[in-house]
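Okay, entry.cif is below, mmCIF, C-alpha atoms:
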data_protein
loop_
_atom_site.label_atom_id
_atom_site.label_comp_id
_atom_site.auth_asym_id
_atom_site.auth_seq_id
_atom_site.Cartn_x
_atom_site.Cartn_y
_atom_site.Cartn_z
CA MET A 769 101.10 56.87 -146.37
CA GLN A 770 102.23 58.61 -143.18
CA ASP A 771 100.60 62.02 -143.68
CA TRP A 772 97.95 62.42 -146.39
CA ASN A 773 97.59 66.17 -145.83
CA LEU A 774 101.31 66.67 -146.41
CA PHE A 775 101.23 64.39 -149.47
CA LEU A 776 98.23 66.10 -151.09
CA TRP A 777 99.28 69.70 -150.45
CA PRO A 778 101.48 69.97 -153.61
CA TYR A 779 98.59 68.64 -155.69
CA GLU A 780 96.25 71.24 -154.20
CA GLN A 781 98.74 73.96 -155.07
CA ALA A 782 99.08 72.64 -158.64
CA VAL A 783 95.30 72.56 -159.16
CA SER A 784 94.94 76.07 -157.75
CA GLU A 785 97.65 77.48 -160.03
CA LEU A 786 96.39 75.68 -163.14
CA LYS A 787 92.84 76.92 -162.64
CA VAL A 788 94.11 80.50 -162.37
CA LYS A 789 96.26 80.15 -165.50
CA PHE A 790 93.53 78.68 -167.71
CA ARG A 791 90.94 81.17 -166.44
CA SER A 792 93.39 83.99 -167.17
CA LEU A 793 93.86 82.60 -170.68
CA ARG A 794 90.09 82.75 -171.21
CA LYS A 795 90.04 86.31 -169.90
CA SER A 796 92.80 87.38 -172.30
CA TYR A 797 90.69 86.28 -175.29
CA LEU A 798 87.63 88.10 -173.99
CA ASN A 799 89.58 91.29 -173.24
CA LYS A 800 90.61 91.38 -176.89
CA GLY A 801 87.02 90.88 -178.00
CA GLU A 802 87.81 87.44 -179.39
CA HIS A 803 86.08 84.09 -179.03
CA SER A 804 87.61 82.09 -176.18
CA PRO A 805 87.99 78.35 -176.79
CA ILE A 806 87.68 77.97 -173.01
CA GLU A 807 84.16 78.34 -171.61
CA PHE A 808 84.99 77.59 -167.98
CA VAL A 809 87.48 75.67 -165.85
CA VAL A 810 87.09 73.51 -162.74
CA GLY A 811 89.58 71.43 -160.80
CA ARG A 812 89.83 69.02 -157.92
CA VAL A 813 92.23 66.86 -155.92
CA LYS A 814 91.18 63.24 -155.37
CA THR A 815 89.94 62.45 -151.89
CA VAL A 816 91.95 60.10 -149.71
CA ASP A 817 89.19 57.47 -149.88
CA SER A 818 89.14 57.68 -153.69
CA ILE A 819 92.94 57.33 -153.84
CA LYS A 820 92.90 54.30 -151.53
CA GLU A 821 90.12 52.65 -153.56
CA LYS A 822 92.03 53.15 -156.79
CA MET A 823 95.28 51.89 -155.24
CA LYS A 824 93.49 48.68 -154.26
CA ARG A 825 91.63 48.29 -157.57
CA ARG A 826 94.68 48.98 -159.77
CA VAL A 827 97.18 47.33 -157.37
CA ILE A 828 99.29 50.48 -157.07
CA ALA A 829 102.02 50.38 -154.44
CA PRO A 830 102.46 53.48 -152.20
CA GLU A 831 106.02 54.04 -153.43
CA VAL A 832 104.90 54.53 -157.06
CA ILE A 833 101.64 56.39 -156.47
CA GLU A 834 103.06 59.72 -157.70
CA THR A 835 103.89 58.29 -161.12
CA ASP A 836 101.31 55.52 -161.56
CA MET A 837 98.22 57.45 -160.44
CA GLN A 838 98.02 60.28 -162.95
CA ASP A 839 94.72 61.86 -161.91
CA ILE A 840 95.27 62.79 -158.28
CA ALA A 841 95.25 66.37 -159.55
CA GLY A 842 92.50 66.93 -162.10
CA ILE A 843 91.57 69.91 -164.26
CA ARG A 844 88.48 69.97 -166.47
CA ILE A 845 88.17 72.51 -169.27
CA MET A 846 84.76 73.01 -170.88
CA CYS A 847 84.41 74.32 -174.43
CA GLN A 848 81.49 75.47 -176.58
CA PHE A 849 82.50 73.63 -179.75
CA VAL A 850 84.44 70.50 -180.67
CA ASP A 851 87.07 72.47 -182.61
CA ASP A 852 87.62 74.58 -179.48
CA ILE A 853 88.82 71.41 -177.77
CA TYR A 854 91.60 70.92 -180.29
CA LYS A 855 92.50 74.61 -180.04
CA VAL A 856 92.94 74.18 -176.28
CA VAL A 857 95.05 71.06 -176.91
CA ASP A 858 97.32 73.11 -179.19
CA LEU A 859 97.55 75.90 -176.61
CA ILE A 860 98.63 73.45 -173.92
CA HIS A 861 101.29 71.97 -176.19
CA GLU A 862 102.65 75.46 -176.83
CA ARG A 863 103.01 76.38 -173.18
CA GLN A 864 106.45 76.47 -171.59
CA ASP A 865 105.22 76.09 -168.00
CA MET A 866 103.92 72.52 -168.40
CA GLN A 867 104.94 69.45 -170.37
CA VAL A 868 102.53 66.98 -172.01
CA ILE A 869 103.60 63.41 -171.26
CA GLU A 870 100.53 61.52 -172.49
CA GLU A 871 97.27 62.19 -174.31
CA ARG A 872 94.22 60.20 -175.35
CA ASP A 873 91.60 61.34 -177.84
CA TYR A 874 88.27 59.85 -176.80
CA ILE A 875 86.43 62.19 -179.16
CA LYS A 876 87.62 60.65 -182.42
CA ASN A 877 87.87 57.28 -180.65
CA ALA A 878 84.94 57.14 -178.22
CA LYS A 879 84.95 54.51 -175.48
CA PRO A 880 82.53 51.56 -175.92
CA SER A 881 80.20 53.21 -173.38
CA GLY A 882 79.90 56.27 -175.63
CA TYR A 883 82.17 58.44 -173.46
CA ARG A 884 83.88 61.30 -175.29
CA SER A 885 86.54 63.66 -173.98
CA TYR A 886 90.14 64.63 -174.68
CA HIS A 887 92.56 63.63 -171.93
CA MET A 888 96.03 65.06 -171.44
CA VAL A 889 98.51 64.14 -168.72
CA ILE A 890 101.01 66.86 -167.92
CA GLU A 891 103.99 67.49 -165.68
CA TYR A 892 103.64 70.81 -163.92
CA PRO A 893 106.35 72.27 -161.66
CA ILE A 894 105.38 73.88 -158.38
CA PHE A 895 107.72 75.61 -155.98
CA LEU A 896 107.89 74.57 -152.35
CA PRO A 897 110.16 75.83 -149.53
CA GLU A 898 112.43 72.84 -150.15
CA GLY A 899 112.61 73.48 -153.90
CA SER A 900 110.85 72.67 -157.18
CA LYS A 901 108.63 69.59 -157.49
CA LYS A 902 107.02 68.24 -160.66
CA ILE A 903 103.39 67.26 -160.23
CA ILE A 904 101.56 64.95 -162.62
CA ALA A 905 98.05 66.20 -163.40
CA GLU A 906 95.29 65.11 -165.75
CA ILE A 907 93.45 67.62 -167.93
CA GLN A 908 90.07 66.63 -169.41
CA ILE A 909 88.77 68.83 -172.21
CA ARG A 910 85.11 68.50 -173.22
CA THR A 911 82.17 70.30 -174.73
CA LEU A 912 79.27 71.14 -172.44
CA ALA A 913 77.21 68.33 -174.01
CA MET A 914 80.00 65.79 -173.45
CA ASN A 915 80.32 66.91 -169.85
CA PHE A 916 76.59 66.59 -169.19
CA TRP A 917 76.62 63.00 -170.49
CA ALA A 918 79.80 62.09 -168.58
CA THR A 919 78.38 63.51 -165.34
CA VAL A 920 75.22 61.40 -165.64
CA GLU A 921 77.24 58.29 -166.58
CA HIS A 922 79.57 58.86 -163.61
CA THR A 923 76.59 59.05 -161.24
CA LEU A 924 75.06 55.85 -162.65
CA ASN A 925 78.41 54.11 -162.29
CA TYR A 926 78.20 54.46 -158.51
CA LYS A 927 74.92 52.55 -158.56
CA TYR A 928 75.92 49.82 -161.00
CA GLN A 929 79.72 49.76 -160.47
CA GLY A 930 80.22 49.71 -164.25
CA LYS A 931 78.02 46.64 -164.73
CA TYR A 932 75.02 48.29 -166.36
CA PRO A 933 71.85 46.40 -167.28
CA GLU A 934 71.67 45.96 -171.05
CA ASP A 935 68.85 48.46 -171.50
CA ILE A 936 70.71 51.14 -169.49
CA SER A 937 73.90 50.48 -171.44
CA GLU A 938 72.10 50.85 -174.76
CA ARG A 939 70.39 54.03 -173.63
CA LEU A 940 73.71 55.50 -172.50
CA LYS A 941 75.24 54.77 -175.90
CA SER A 942 72.21 56.28 -177.64
CA THR A 943 72.29 59.45 -175.54
CA ALA A 944 76.05 59.76 -176.08
CA GLU A 945 75.46 59.76 -179.82
CA ALA A 946 72.66 62.29 -179.39
CA ALA A 947 74.98 64.55 -177.39
CA TYR A 948 77.64 64.32 -180.08
CA LYS A 949 75.05 65.03 -182.76
CA LEU A 950 74.16 68.19 -180.82
CA ASP A 951 77.84 69.19 -180.84
CA GLU A 952 77.98 68.65 -184.60
CA GLU A 953 74.86 70.76 -185.15
CA MET A 954 76.20 73.54 -182.92
CA SER A 955 79.51 73.47 -184.79
CA ALA A 956 77.59 74.00 -188.03
CA ILE A 957 76.26 77.32 -186.72
CA LYS A 958 79.26 78.31 -184.59
CA GLU A 959 80.03 81.47 -186.60
CA GLU A 960 76.47 82.68 -186.00
CA VAL A 961 76.84 81.93 -182.29
CA ARG A 962 80.19 83.72 -182.07
CA GLU A 963 78.80 86.76 -183.88
CA ALA A 964 75.86 86.82 -181.49
CA HIS A 965 78.28 86.76 -178.54
CA LYS A 966 80.12 89.78 -179.96
CA ILE A 967 76.87 91.73 -180.38
CA TYR A 968 75.78 90.79 -176.86
CA ALA A 969 79.13 91.85 -175.38
CA LYS A 970 78.95 95.24 -177.11
CA THR A 971 75.35 95.77 -176.00
CA LYS A 972 76.19 94.78 -172.43
CA GLY A 973 79.09 97.22 -172.40
CA LYS A 974 76.78 100.10 -173.28
CA ASN A 975 74.34 99.35 -170.45
#
Would you mind giving the structure from this file in structure tokens?
Amino acid sequence: MQDWNLFLWPYEQAVSELKVKFRSLRKSYLNKGEHSPIEFVVGRVKTVDSIKEKMKRRVIAPEVIETDMQDIAGIRIMCQFVDDIYKVVDLIHERQDMQVIEERDYIKNAKPSGYRSYHMVIEYPIFLPEGSKKIIAEIQIRTLAMNFWATVEHTLNYKYQGKYPEDISERLKSTAEAAYKLDEEMSAIKEEVREAHKIYAKTKGKN
């Protein structure tokens, strides 16, 4: 790669625009006094070191990096409830400004480690001085509990490089199930939670 800054700039623009669009979508629900399926949105562009490491590990040639490495641009959408995740999935499918090219449901089909999340790979057009360019980006949609578990697992992975001791592996699986059980329990009282949010919003508006 001759110039990494030049290569990554379109991805930075895509992440910036996508964050604004999904945050604006959340705001539109709240402005109408409705429950937003989106709790908050974050995004990042892979570092050069991370890209190089993945190119080596996955044997990805430089000339196909834009198509074969689908997570250079990453968006993460956090939701309160599991059914919010599928609502966000539907909203993304309905949008005209991005096209879904791949999706993987790790909620209904958790990974062996216990990892749960919904992954979507999209094509998103950005506009540069030389014209339009389609950027491939990955969107991960999770509950807050799923994200907490995944963050801890990701940190441990740096220490063990995916080769966990048996006791750590079993504990990770157990805590993943506990996190999902929490999501199920919260879903059972979601209408109470949503009603409480409405009351809080009204009270806050009066103060």
Each residue of stretch 850-936 of chain A lying at most 10 Å from stretch 806-818 of chain A should get a row with its shortest atom-to-atom pair and the distance in Å to one decimal, counting all atoms listed in the file; could you produce that, ordered by chain and increasing number, as JSON lines?
{"residue": "A:Asp852", "atom": "CA", "partner": "A:Ile806", "partner_atom": "CA", "distance": 7.3}
{"residue": "A:Ile853", "atom": "CA", "partner": "A:Ile806", "partner_atom": "CA", "distance": 8.2}
{"residue": "A:Lys855", "atom": "CA", "partner": "A:Ile806", "partner_atom": "CA", "distance": 9.2}
{"residue": "A:Val856", "atom": "CA", "partner": "A:Ile806", "partner_atom": "CA", "distance": 7.3}
{"residue": "A:Ala905", "atom": "CA", "partner": "A:Val813", "partner_atom": "CA", "distance": 9.5}
{"residue": "A:Glu906", "atom": "CA", "partner": "A:Gly811", "partner_atom": "CA", "distance": 9.9}
{"residue": "A:Ile907", "atom": "CA", "partner": "A:Gly811", "partner_atom": "CA", "distance": 9.0}
{"residue": "A:Gln908", "atom": "CA", "partner": "A:Gly811", "partner_atom": "CA", "distance": 9.9}
{"residue": "A:Ile909", "atom": "CA", "partner": "A:Ile806", "partner_atom": "CA", "distance": 9.2}
{"residue": "A:Arg910", "atom": "CA", "partner": "A:Ile806", "partner_atom": "CA", "distance": 9.8}
{"residue": "A:Thr911", "atom": "CA", "partner": "A:Glu807", "partner_atom": "CA", "distance": 8.9}
{"residue": "A:Leu912", "atom": "CA", "partner": "A:Glu807", "partner_atom": "CA", "distance": 8.7}
Given the selection you just returned, output its residues as a file containing C-alpha atoms, formatted as an mmCIF file, in the coordinates of the input.
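Okay, this is what ended up in selection.cif:
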data_model
loop_
_atom_site.group_PDB
_atom_site.id
_atom_site.type_symbol
_atom_site.label_atom_id
_atom_site.label_comp_id
_atom_site.auth_asym_id
_atom_site.auth_seq_id
_atom_site.Cartn_x
_atom_site.Cartn_y
_atom_site.Cartn_z
ATOM 1 C CA ASP A 852 87.620 74.580 -179.480
ATOM 2 C CA ILE A 853 88.820 71.410 -177.770
ATOM 3 C CA LYS A 855 92.500 74.610 -180.040
ATOM 4 C CA VAL A 856 92.940 74.180 -176.280
ATOM 5 C CA ALA A 905 98.050 66.200 -163.400
ATOM 6 C CA GLU A 906 95.290 65.110 -165.750
ATOM 7 C CA ILE A 907 93.450 67.620 -167.930
ATOM 8 C CA GLN A 908 90.070 66.630 -169.410
ATOM 9 C CA ILE A 909 88.770 68.830 -172.210
ATOM 10 C CA ARG A 910 85.110 68.500 -173.220
ATOM 11 C CA THR A 911 82.170 70.300 -174.730
ATOM 12 C CA LEU A 912 79.270 71.140 -172.440
#
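Closest to A:Glu898 among A:His861, A:Ala946, A:Tyr797, A:Pro778 is A:Pro778, based on all atoms listed in the file.
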Would you write out, as a compact mmCIF listing (two decimals) with C-alpha atoms, in the frame of the given file, every residue that the PyMOL selection byres ((chain A and resi 866) around 12) captures in this file?
# COMPACT_ATOMS: atom_id res chain seq x y z
CA ALA A 782 99.08 72.64 -158.64
CA GLU A 785 97.65 77.48 -160.03
CA LEU A 786 96.39 75.68 -163.14
CA LYS A 789 96.26 80.15 -165.50
CA LEU A 859 97.55 75.90 -176.61
CA ILE A 860 98.63 73.45 -173.92
CA HIS A 861 101.29 71.97 -176.19
CA GLU A 862 102.65 75.46 -176.83
CA ARG A 863 103.01 76.38 -173.18
CA GLN A 864 106.45 76.47 -171.59
CA ASP A 865 105.22 76.09 -168.00
CA GLN A 867 104.94 69.45 -170.37
CA VAL A 868 102.53 66.98 -172.01
CA ILE A 869 103.60 63.41 -171.26
CA MET A 888 96.03 65.06 -171.44
CA VAL A 889 98.51 64.14 -168.72
CA ILE A 890 101.01 66.86 -167.92
CA GLU A 891 103.99 67.49 -165.68
CA TYR A 892 103.64 70.81 -163.92
CA PRO A 893 106.35 72.27 -161.66
CA ILE A 894 105.38 73.88 -158.38
CA LYS A 902 107.02 68.24 -160.66
CA ILE A 903 103.39 67.26 -160.23
CA ILE A 904 101.56 64.95 -162.62
CA ALA A 905 98.05 66.20 -163.40
CA GLU A 906 95.29 65.11 -165.75
CA ILE A 907 93.45 67.62 -167.93
Closest of A:Ser885, A:Gln838, A:Gln848, A:Ser804 to A:Ile819 - atom-to-atom distances counting all atoms listed in the file:
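Smallest distance to A:Ile819 is found for A:Gln838.
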Of the listed residues A:Thr835, A:Thr943, A:Gln781, A:Asn799, that which approaches A:Ala913 most closely, counting all atoms listed in the file
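Looking only at the distances to A:Ala913, the closest residue turns out to be A:Thr943.
Take atom CA of A:Glu871 and atom CA of A:Asp858: the distance between them is 12.0 Å.
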Evaluate the PyMOL selection byres ((chain A and resi 917-933) around 10) on the structure here and hand back the selected residues as an MDAnalysis selection string.
chainID A and resid 881:885 910 912:916 934:938 940:941 943:948
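Separating atom CA of A:Phe895 from atom CA of A:Ala829 is a distance of 25.9 Å.
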Using all atoms listed in the file, find the one residue out of A:Met954, A:Val857, A:Leu798, A:Val961 that sits nearest to A:Ile845.
A:Val857
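Pairwise distance (atom CA of A:Lys787, atom CA of A:Ile833) equals 23.2 Å.
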Do you know which residues lie at most 8 Å from (86.8, 86.9, -182.7), with coordinates as in the file and all atoms listed in the file counted, and could you write them as number ranges by chain?
A: 801-803, 962, 966
